[in-house]
$ cat model_7.cif   # mmCIF, C-alpha atoms and all ligand atoms
data_work
#
loop_
_atom_site.label_atom_id
_atom_site.label_comp_id
_atom_site.auth_asym_id
_atom_site.auth_seq_id
_atom_site.Cartn_x
_atom_site.Cartn_y
_atom_site.Cartn_z
CA MET A 1 61.90 -6.71 25.34
CA THR A 2 65.00 -4.66 24.63
CA LYS A 3 68.24 -6.45 23.77
CA GLU A 4 69.62 -5.59 27.23
CA VAL A 5 66.62 -7.11 29.00
CA HIS A 6 66.73 -10.16 26.73
CA ASP A 7 70.43 -10.81 27.38
CA SER A 8 70.16 -10.20 31.09
CA LEU A 9 67.07 -12.43 31.45
CA LEU A 10 68.87 -15.21 29.58
CA SER A 11 71.80 -15.06 31.96
CA ASP A 12 69.38 -15.13 34.93
CA LEU A 13 67.82 -18.27 33.47
CA GLN A 14 71.20 -19.88 32.85
CA GLU A 15 71.97 -19.39 36.54
CA PHE A 16 68.52 -20.62 37.60
CA PHE A 17 68.72 -23.91 35.68
CA LYS A 18 72.38 -24.67 36.35
CA ASP A 19 71.75 -27.59 38.74
CA ASP A 20 68.83 -29.18 36.92
CA TYR A 21 68.80 -32.87 36.09
CA SER A 22 65.05 -33.31 35.60
CA GLY A 23 65.09 -32.65 31.87
CA HIS A 24 64.17 -28.99 32.24
CA ASP A 25 67.56 -27.45 31.79
CA PHE A 26 68.49 -24.10 30.26
CA ASN A 27 68.92 -25.65 26.82
CA HIS A 28 65.34 -26.99 26.94
CA THR A 29 64.12 -23.48 27.72
CA MET A 30 66.16 -22.05 24.85
CA ARG A 31 64.84 -24.62 22.38
CA VAL A 32 61.24 -23.96 23.44
CA TYR A 33 61.88 -20.22 23.16
CA LYS A 34 63.30 -20.43 19.63
CA LEU A 35 60.66 -22.85 18.42
CA ALA A 36 57.82 -20.82 19.96
CA ASN A 37 59.15 -17.67 18.32
CA ASN A 38 59.36 -19.31 14.90
CA ILE A 39 55.80 -20.59 15.23
CA ALA A 40 54.61 -17.23 16.56
CA ILE A 41 55.95 -15.39 13.51
CA GLN A 42 54.09 -17.73 11.17
CA GLU A 43 50.90 -17.63 13.22
CA HIS A 44 51.06 -13.83 13.64
CA ALA A 45 50.99 -14.03 17.44
CA ASN A 46 52.22 -11.46 19.97
CA LEU A 47 55.98 -12.07 20.10
CA GLU A 48 56.56 -10.34 23.43
CA ILE A 49 54.04 -12.55 25.22
CA VAL A 50 55.23 -15.72 23.50
CA SER A 51 58.89 -14.94 24.27
CA LEU A 52 58.30 -14.22 27.95
CA ALA A 53 56.02 -17.21 28.45
CA ALA A 54 58.42 -19.57 26.67
CA LEU A 55 61.45 -18.32 28.60
CA LEU A 56 59.65 -18.51 31.95
CA HIS A 57 57.49 -21.60 31.40
CA ASP A 58 59.57 -23.88 33.63
CA VAL A 59 60.90 -21.53 36.33
CA ASP A 60 58.07 -22.45 38.70
CA ASP A 61 57.91 -26.15 37.81
CA VAL A 62 57.19 -28.28 40.88
CA LYS A 63 60.04 -30.61 39.93
CA LEU A 64 62.53 -27.76 40.27
CA THR A 65 61.28 -25.44 42.98
CA GLN A 66 58.81 -25.13 45.82
CA SER A 67 57.55 -21.90 44.40
CA ILE A 68 54.12 -20.58 45.36
CA ASN A 69 51.89 -18.67 42.95
CA TYR A 70 54.50 -18.44 40.17
CA GLN A 71 56.79 -16.35 42.31
CA ASN A 72 59.92 -16.98 40.23
CA ALA A 73 58.29 -15.81 37.00
CA ARG A 74 56.81 -12.79 38.79
CA LEU A 75 60.14 -11.91 40.39
CA LEU A 76 61.94 -11.96 37.05
CA MET A 77 59.21 -9.97 35.28
CA ASN A 78 59.21 -7.36 38.06
CA LYS A 79 62.98 -7.13 37.84
CA TYR A 80 62.63 -6.09 34.20
CA GLY A 81 59.67 -3.80 34.70
CA ILE A 82 57.18 -5.87 32.69
CA ASP A 83 53.75 -4.26 33.07
CA GLN A 84 51.06 -5.95 35.15
CA ALA A 85 48.72 -6.81 32.26
CA THR A 86 51.51 -8.55 30.36
CA GLN A 87 52.55 -10.38 33.52
CA GLU A 88 49.04 -11.74 34.05
CA GLU A 89 48.85 -12.95 30.47
CA VAL A 90 52.21 -14.68 30.79
CA ILE A 91 51.32 -16.31 34.13
CA ALA A 92 48.04 -17.61 32.70
CA ILE A 93 50.00 -19.32 29.92
CA ILE A 94 52.57 -20.85 32.28
CA GLN A 95 49.70 -22.12 34.41
CA ASP A 96 48.07 -23.91 31.44
CA VAL A 97 51.32 -25.22 29.98
CA SER A 98 52.51 -26.70 33.28
CA PHE A 99 49.10 -28.14 34.12
CA LYS A 100 49.49 -31.80 35.12
CA GLY A 101 46.51 -34.05 35.16
CA ASN A 102 44.71 -36.81 33.34
CA GLN A 103 43.17 -34.39 30.93
CA SER A 104 45.53 -32.05 29.15
CA LYS A 105 44.56 -28.42 29.18
CA SER A 106 44.58 -26.36 26.01
CA PRO A 107 45.45 -22.71 26.66
CA SER A 108 42.76 -20.22 25.63
CA THR A 109 45.03 -17.74 23.83
CA LEU A 110 46.98 -18.23 20.60
CA GLU A 111 50.17 -17.30 22.45
CA GLY A 112 49.55 -20.01 25.06
CA LYS A 113 48.76 -22.62 22.42
CA ILE A 114 52.05 -21.84 20.71
CA VAL A 115 54.14 -22.17 23.88
CA GLN A 116 52.43 -25.46 24.73
CA ASP A 117 53.11 -26.73 21.20
CA ALA A 118 56.78 -25.76 21.43
CA ASP A 119 57.16 -27.45 24.83
CA ARG A 120 55.57 -30.63 23.46
CA LEU A 121 57.62 -30.56 20.26
CA ASP A 122 60.76 -30.58 22.40
CA ALA A 123 59.67 -33.95 23.82
CA ILE A 124 59.61 -35.60 20.37
CA GLY A 125 61.94 -36.07 17.40
CA ALA A 126 65.71 -36.44 17.73
CA ILE A 127 65.85 -34.23 20.83
CA GLY A 128 62.88 -36.02 22.38
CA ILE A 129 64.62 -39.37 21.95
CA ALA A 130 67.78 -38.03 23.59
CA ARG A 131 65.79 -36.53 26.48
CA ALA A 132 63.89 -39.76 27.06
CA PHE A 133 67.01 -41.91 27.30
CA THR A 134 68.68 -39.32 29.52
CA PHE A 135 65.65 -39.41 31.84
CA GLY A 136 65.72 -43.22 31.81
CA GLY A 137 69.43 -43.27 32.62
CA ASN A 138 68.97 -40.84 35.48
CA HIS A 139 66.22 -43.09 36.87
CA ASN A 140 68.15 -46.34 36.36
CA ARG A 141 65.62 -47.63 33.85
CA PRO A 142 66.44 -50.32 31.29
CA LEU A 143 66.38 -49.22 27.63
CA TYR A 144 63.65 -51.73 26.81
CA ASN A 145 61.82 -54.83 28.08
CA ASP A 146 61.62 -58.16 26.33
CA GLU A 147 58.34 -57.62 24.58
CA LYS A 148 57.51 -54.84 22.17
CA PRO A 149 54.73 -52.71 23.67
CA GLU A 150 51.68 -51.85 21.59
CA ARG A 151 50.00 -48.50 21.41
CA ASN A 152 46.87 -48.25 23.54
CA MET A 153 47.74 -51.50 25.31
CA ASP A 154 45.63 -52.73 28.24
CA GLU A 155 46.47 -51.87 31.83
CA THR A 156 48.10 -55.22 32.71
CA SER A 157 50.40 -55.38 29.74
CA TYR A 158 51.16 -51.74 30.23
CA ARG A 159 52.42 -52.33 33.77
CA GLN A 160 54.89 -54.91 32.54
CA HIS A 161 56.45 -52.28 30.36
CA GLN A 162 56.14 -49.32 32.64
CA SER A 163 59.73 -49.30 33.73
CA SER A 164 61.54 -49.09 30.41
CA THR A 165 62.39 -45.98 28.46
CA ILE A 166 61.05 -47.48 25.23
CA ASN A 167 57.69 -47.76 26.97
CA HIS A 168 57.63 -44.00 27.40
CA PHE A 169 57.44 -43.66 23.62
CA TYR A 170 54.22 -45.70 23.53
CA GLU A 171 52.82 -44.17 26.68
CA LYS A 172 53.40 -40.55 25.72
CA LEU A 173 55.79 -39.51 22.98
CA LEU A 174 53.95 -41.16 20.07
CA LEU A 175 50.69 -39.56 21.20
CA LEU A 176 51.95 -35.99 21.20
CA LYS A 177 51.63 -35.27 17.48
CA ASP A 178 47.84 -35.46 17.72
CA MET A 179 47.81 -32.97 20.58
CA MET A 180 49.24 -29.96 18.76
CA ASN A 181 47.14 -26.77 18.85
CA THR A 182 48.46 -24.91 15.81
CA GLU A 183 48.71 -25.96 12.18
CA CYS A 184 52.33 -24.90 12.04
CA ALA A 185 53.26 -27.13 14.99
CA ARG A 186 51.29 -30.02 13.50
CA VAL A 187 53.53 -29.96 10.43
CA LEU A 188 56.67 -29.95 12.58
CA ALA A 189 55.25 -32.65 14.85
CA ASP A 190 54.49 -34.92 11.90
CA GLN A 191 58.13 -34.77 10.79
CA ARG A 192 59.44 -35.40 14.30
CA HIS A 193 56.93 -38.19 14.80
CA GLN A 194 57.98 -39.94 11.60
CA PHE A 195 61.59 -39.72 12.69
CA MET A 196 60.70 -41.50 15.97
CA VAL A 197 58.71 -44.16 14.15
CA ASN A 198 61.69 -44.86 11.88
CA TYR A 199 63.98 -44.85 14.89
CA LEU A 200 61.84 -47.40 16.74
CA GLU A 201 61.69 -49.66 13.69
CA GLU A 202 65.47 -49.59 13.41
CA PHE A 203 65.78 -50.07 17.18
CA PHE A 204 63.67 -53.27 17.21
CA ASP A 205 65.36 -54.62 14.09
CA GLU A 206 68.70 -54.23 15.79
CA ILE A 207 67.44 -55.84 19.02
CA GLU A 208 66.28 -58.84 17.04
CA GLY A 209 69.60 -59.05 15.27
CA LYS A 210 68.04 -58.36 11.90
CA LYS A 211 70.48 -55.62 11.03
P1 LIG B 1 57.14 -31.77 30.99
O1 LIG B 1 57.34 -31.14 32.34
O2 LIG B 1 57.69 -30.94 29.86
O3 LIG B 1 55.75 -32.27 30.73
P2 LIG B 1 58.34 -34.18 31.95
O4 LIG B 1 58.90 -33.68 33.24
O5 LIG B 1 57.20 -35.12 31.98
O6 LIG B 1 58.07 -33.02 30.93
O7 LIG B 1 59.53 -34.82 31.15
C1 LIG B 1 60.74 -34.16 30.88
C2 LIG B 1 61.47 -34.97 29.82
O8 LIG B 1 61.72 -36.27 30.34
C3 LIG B 1 60.66 -35.17 28.54
O9 LIG B 1 61.51 -35.17 27.42
C4 LIG B 1 60.02 -36.52 28.75
O10 LIG B 1 59.75 -37.19 27.54
C5 LIG B 1 61.08 -37.24 29.55
N1 LIG B 1 60.43 -38.24 30.40
C6 LIG B 1 59.46 -38.06 31.32
N2 LIG B 1 59.07 -39.24 31.87
C7 LIG B 1 59.82 -40.18 31.27
C8 LIG B 1 59.91 -41.61 31.37
N3 LIG B 1 59.14 -42.30 32.22
N4 LIG B 1 60.79 -42.25 30.59
C9 LIG B 1 61.59 -41.57 29.73
N5 LIG B 1 61.55 -40.23 29.57
C10 LIG B 1 60.69 -39.55 30.33
NI NI B 2 59.22 -27.44 29.36
#

$ encode --input "model_7.cif" --output "structure tokens"
Amino acid sequence: MTKEVHDSLLSDLQEFFKDDYSGHDFNHTMRVYKLANNIAIQEHANLEIVSLAALLHDVDDVKLTQSINYQNARLLMNKYGIDQATQEEVIAIIQDVSFKGNQSKSPSTLEGKIVQDADRLDAIGAIGIARAFTFGGNHNRPLYNDEKPERNMDETSYRQHQSSTINHFYEKLLLLKDMMNTECARVLADQRHQFMVNYLEEFFDEIEGKK
């Protein structure tokens, strides 16, 4: 990507995400992009593919658009004359990263693994905490329920906690560090995870009036 393409694509994305309240705003894309690039340098991955896939990973998200067959990503890549082979590689990554289902899907290429790691890292740590409470606020969820949820709790107890933002930590955020694909991301995830664990400890101490 030349500097002109890079700058122009960024302003396209800024425009695209301007009305988003689902937690997939332009700043999320920029954080994933920067993180993915840093990991890619250390893992000796293809920077062009990683950059494009990171920048475009959310433009066809079902929560944002009714796009069919990754049309937004394709449109942007065509606009900047990205060759067909690169486009297919990028689309394959977006497809794996945005895959929603019971089983998570690990991308087959190093570049895809890196983008998925970066997207997941942005859900944990200090930023992850902020995003979770923002999501909860947007959905009118209470910060926490009366009882402290346990990891891997049974279905019934889980339901009682389902509606609070703190529950989301136990349901998803605390599990993400074990789902990293690359060694580099694992190191970053461990630090972010520890920060959340400390945060939760402090949080419950304060709720109980211990501090
Ligand atoms: P992605 O599309 O990246 O998998 P989601 O759409 O599931 O992410 O979530 C976007 C952001 O909102 C993430 O930071 C996630 O942790 C947060 N989020 C999603 N569901 C909840 C929830 N039930 N409670 C609090 N935060 C949530
Ligand atoms: Ni994302």

$ closest_atom_pairs --input "model_7.cif" --of "chain A" --to "ligand LIG 1 (chain B)" --cutoff "8 Å" --atoms "all atoms listed in the file" --output "JSON lines"
{"residue": "A:Ser22", "atom": "CA", "partner": "B:LIG1", "partner_atom": "C1", "distance": 6.4}
{"residue": "A:Gly23", "atom": "CA", "partner": "B:LIG1", "partner_atom": "C1", "distance": 4.7}
{"residue": "A:His24", "atom": "CA", "partner": "B:LIG1", "partner_atom": "C1", "distance": 6.4}
{"residue": "A:Asp58", "atom": "CA", "partner": "B:LIG1", "partner_atom": "O1", "distance": 7.7}
{"residue": "A:Asp61", "atom": "CA", "partner": "B:LIG1", "partner_atom": "O1", "distance": 7.4}
{"residue": "A:Lys63", "atom": "CA", "partner": "B:LIG1", "partner_atom": "O4", "distance": 7.4}
{"residue": "A:Ser98", "atom": "CA", "partner": "B:LIG1", "partner_atom": "O1", "distance": 6.6}
{"residue": "A:Lys100", "atom": "CA", "partner": "B:LIG1", "partner_atom": "O3", "distance": 7.7}
{"residue": "A:Asp119", "atom": "CA", "partner": "B:LIG1", "partner_atom": "O2", "distance": 6.1}
{"residue": "A:Arg120", "atom": "CA", "partner": "B:LIG1", "partner_atom": "O2", "distance": 6.7}
{"residue": "A:Asp122", "atom": "CA", "partner": "B:LIG1", "partner_atom": "O9", "distance": 6.8}
{"residue": "A:Ala123", "atom": "CA", "partner": "B:LIG1", "partner_atom": "O9", "distance": 4.2}
{"residue": "A:Ile124", "atom": "CA", "partner": "B:LIG1", "partner_atom": "O9", "distance": 7.3}
{"residue": "A:Ile127", "atom": "CA", "partner": "B:LIG1", "partner_atom": "O9", "distance": 7.9}
{"residue": "A:Gly128", "atom": "CA", "partner": "B:LIG1", "partner_atom": "O9", "distance": 5.3}
{"residue": "A:Ile129", "atom": "CA", "partner": "B:LIG1", "partner_atom": "O9", "distance": 7.6}
{"residue": "A:Ala130", "atom": "CA", "partner": "B:LIG1", "partner_atom": "O9", "distance": 7.9}
{"residue": "A:Arg131", "atom": "CA", "partner": "B:LIG1", "partner_atom": "O9", "distance": 4.6}
{"residue": "A:Ala132", "atom": "CA", "partner": "B:LIG1", "partner_atom": "N5", "distance": 3.5}
{"residue": "A:Phe133", "atom": "CA", "partner": "B:LIG1", "partner_atom": "C9", "distance": 5.9}
{"residue": "A:Thr134", "atom": "CA", "partner": "B:LIG1", "partner_atom": "N5", "distance": 7.2}
{"residue": "A:Phe135", "atom": "CA", "partner": "B:LIG1", "partner_atom": "N5", "distance": 4.8}
{"residue": "A:Gly136", "atom": "CA", "partner": "B:LIG1", "partner_atom": "C9", "distance": 4.9}
{"residue": "A:Arg141", "atom": "CA", "partner": "B:LIG1", "partner_atom": "N4", "distance": 7.9}
{"residue": "A:Gln162", "atom": "CA", "partner": "B:LIG1", "partner_atom": "N3", "distance": 7.6}
{"residue": "A:Ser163", "atom": "CA", "partner": "B:LIG1", "partner_atom": "N3", "distance": 7.2}
{"residue": "A:Ser164", "atom": "CA", "partner": "B:LIG1", "partner_atom": "N4", "distance": 6.9}
{"residue": "A:Thr165", "atom": "CA", "partner": "B:LIG1", "partner_atom": "N4", "distance": 4.6}
{"residue": "A:Ile166", "atom": "CA", "partner": "B:LIG1", "partner_atom": "C9", "distance": 7.4}
{"residue": "A:Asn167", "atom": "CA", "partner": "B:LIG1", "partner_atom": "N4", "distance": 7.3}
{"residue": "A:His168", "atom": "CA", "partner": "B:LIG1", "partner_atom": "N4", "distance": 4.8}
{"residue": "A:Phe169", "atom": "CA", "partner": "B:LIG1", "partner_atom": "C9", "distance": 7.7}
{"residue": "A:Lys172", "atom": "CA", "partner": "B:LIG1", "partner_atom": "O10", "distance": 7.4}
{"residue": "A:Leu173", "atom": "CA", "partner": "B:LIG1", "partner_atom": "O10", "distance": 6.5}

$ residues_around --input "model_7.cif" --residues "region 32-38 of chain A" --least-positions-apart "6" --cutoff "7 Å" --atoms "all atoms listed in the file" --output "VMD selection string"
chain A and resid 47 50 to 51 54 to 55 114 to 115 118 to 119 122

$ atom_distance --input "model_7.cif" --atom1 "CA of Asn198 (chain A)" --atom2 "CA of Lys211 (chain A)"
13.9 Å

$ residues_around --input "model_7.cif" --residues "His44 (chain A)" --least-positions-apart "5" --cutoff "10 Å" --atoms "all atoms listed in the file" --output "list in words"
Ile39, Leu110 and Glu111 of chain A

$ write_last_selection --input "model_7.cif" --atoms "C-alpha atoms" --output "mmCIF file, in the coordinates of the input"
data_model
loop_
_atom_site.group_PDB
_atom_site.id
_atom_site.type_symbol
_atom_site.label_atom_id
_atom_site.label_comp_id
_atom_site.auth_asym_id
_atom_site.auth_seq_id
_atom_site.Cartn_x
_atom_site.Cartn_y
_atom_site.Cartn_z
ATOM 1 C CA ILE A 39 55.800 -20.590 15.230
ATOM 2 C CA LEU A 110 46.980 -18.230 20.600
ATOM 3 C CA GLU A 111 50.170 -17.300 22.450
#

$ closest_residue --input "model_7.cif" --among "A:Leu75, A:Leu175, A:Met196, A:Ala53" --to "ligand NI 2 (chain B)" --atoms "only C-alpha atoms and all ligand atoms"
A:Ala53

$ residues_near_point --input "model_7.cif" --point "(44.9, -22.7, 19.0)" --cutoff "6 Å" --atoms "all atoms listed in the file" --output "JSON list (two decimals) with C-alpha atoms, in the coordinates of the input"
[["chain", "number", "residue", "atom", "x", "y", "z"],
["A", 110, "LEU", "CA", 46.98, -18.23, 20.60],
["A", 113, "LYS", "CA", 48.76, -22.62, 22.42],
["A", 181, "ASN", "CA", 47.14, -26.77, 18.85],
["A", 182, "THR", "CA", 48.46, -24.91, 15.81]]

$ closest_residue --input "model_7.cif" --among "A:Asp60, A:Glu15, A:Glu4, A:Asp205" --to "ligand NI 2 (chain B)" --atoms "only C-alpha atoms and all ligand atoms"
A:Asp60

$ atom_distance --input "model_7.cif" --atom1 "CA of Ile49 (chain A)" --atom2 "CA of Asn78 (chain A)"
14.8 Å
